[in-house]
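Q: The structure follows.
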Amino acid sequence: AMRQRFSAPPLNVGEGIYDESPETGFTLPFSAGIGVRYQISPRWGLQTGLRYTNLGRTFIADYVGDGFMVLQTDVDNYQHWIGVPLNLQFTFMEQGGWRLHAFAGSAVEFLMDNDFLVHNSPKDIHYHQAGTGPQWSAGLGLGAECKLSPVLSLYLDPSLRYYFNTERQPRSVRTIQPLRFDLEAGLRFSFGAR
């Protein structure tokens, strides 16, 4: 589609994204983590760590820059979050190098970068917004681990998660639908009781 560039309009609103249309699409949320589990007993454990999540969406909006604006253009928005989960885990099957578990807990996440890619000719524009306050969530799920060594495993943890106070966060799939199915994968170190 043709992009039209307007130079030096009388703009007093400041740089930003304005007049957003409804989303034309969302990317599949992706989470990867590195975790630590302390085994309280052979069945019960506490798990924490660091989790990175990427949320993406596309929409049409106006962009106001330094002395110019781009009207009704395609915009890709990518949000980069870092979080710390705290879960209580129950292992209900451990056989060979595999472990199946259930878990419940909460997480706090911080928006590290809210990046907008404004499609424009001859060159696309990157616009970044500052991070917001913490995003809290609670969830429960079932997970599987494949042991790579006695203390290190590869995990896959699907969960049902609810995100609180989403009205204070930038628009994303979480603010539109705070009860979400999430999927996290990563590496986990285990210590404590065996």
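Scheme for the structure tokens: letters A, B, ... for chains in order shown; per-chain residue numbers from 1; ligand numbers from 1 in order shown.
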Could you give me, as a list in words, the residues within 7 Å of Trp81 of chain A, counting only C-alpha atoms and dropping anything in the same chain fewer than 3 positions from it?

A: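 These residues fall inside the cut-off: Tyr52, Thr53, Asn54, Glu109, Phe110, Leu111 and Met112 of chain A.
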
Q: If you measure from atom CA of Phe90 of chain A to atom CA of Ala102 of chain A, what distance in Å do you get, rounded to one decimal?

A: 5.3 Å

Q: Counting only C-alpha atoms, which residue out of A:Ile40, A:Gln95, A:Gly133, A:Gly14 sits closest to Phe68 of chain A?

A: A:Gly14

Q: Can you list every residue in chain A that DSSP puts in alpha helix (DSSP H), as a count of residues only?

A: 4

Q: Residues within 12 Å of segment 124-130 of chain A, please, as a ChimeraX atom specification. Count only C-alpha atoms; anything in the same chain fewer than 2 positions from it doesn't count.

A: /A:3,5,15-17,63-66,69-70,73-80,110-122,132-133,169-170

Q: For atom CA of Glu94 of chain A and atom CA of Val108 of chain A, quote the distance in Å rounded to one decimal.

A: 29.3 Å

Q: Give me, please, the distance in Å between atom CA of Gly33 of chain A and atom CA of Thr175 of chain A, quoted to one decimal.

A: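 These atoms are spaced 22.3 Å apart.
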
Q: Write out as a VMD selection string the residues lying within 9 Å of Gly35 of chain A, counting only C-alpha atoms and excluding same-chain residues fewer than 4 positions away.

A: chain A and resid 47 to 51 85 186 to 190

Q: Print the selection's residues with N, CA, C and O atoms to a file, as a compact mmCIF listing (two decimals), in the first residue's frame.

A:
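What landed in result.txt:
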# COMPACT_ATOMS: atom_id res chain seq x y z
N GLN A 47 9.62 -23.88 42.86
CA GLN A 47 10.30 -23.56 41.62
C GLN A 47 10.26 -22.05 41.38
O GLN A 47 9.24 -21.41 41.57
N THR A 48 11.40 -21.49 40.97
CA THR A 48 11.49 -20.08 40.59
C THR A 48 12.50 -19.96 39.45
O THR A 48 12.98 -20.97 38.94
N GLY A 49 12.82 -18.75 39.04
CA GLY A 49 13.78 -18.56 37.96
C GLY A 49 13.53 -17.25 37.24
O GLY A 49 12.94 -16.32 37.79
N LEU A 50 13.94 -17.20 35.99
CA LEU A 50 13.71 -16.05 35.12
C LEU A 50 13.02 -16.52 33.85
O LEU A 50 13.36 -17.58 33.30
N ARG A 51 12.06 -15.72 33.39
CA ARG A 51 11.30 -16.08 32.19
C ARG A 51 11.26 -14.88 31.25
O ARG A 51 10.96 -13.75 31.67
N PRO A 85 8.78 -16.25 38.18
CA PRO A 85 7.68 -17.06 38.70
C PRO A 85 8.02 -17.65 40.07
O PRO A 85 9.20 -17.78 40.42
N GLY A 186 12.14 -24.37 28.70
CA GLY A 186 13.45 -23.93 29.13
C GLY A 186 14.24 -25.00 29.85
O GLY A 186 13.95 -26.19 29.75
N LEU A 187 15.25 -24.54 30.60
CA LEU A 187 16.12 -25.43 31.37
C LEU A 187 15.86 -25.21 32.85
O LEU A 187 15.65 -24.08 33.29
N ARG A 188 15.88 -26.30 33.63
CA ARG A 188 15.63 -26.20 35.07
C ARG A 188 16.67 -27.01 35.83
O ARG A 188 16.97 -28.16 35.50
N PHE A 189 17.24 -26.38 36.88
CA PHE A 189 18.16 -27.04 37.80
C PHE A 189 17.41 -27.46 39.04
O PHE A 189 16.56 -26.71 39.54
N SER A 190 17.69 -28.65 39.53
CA SER A 190 16.99 -29.19 40.71
C SER A 190 17.98 -29.48 41.82
O SER A 190 19.06 -30.04 41.59
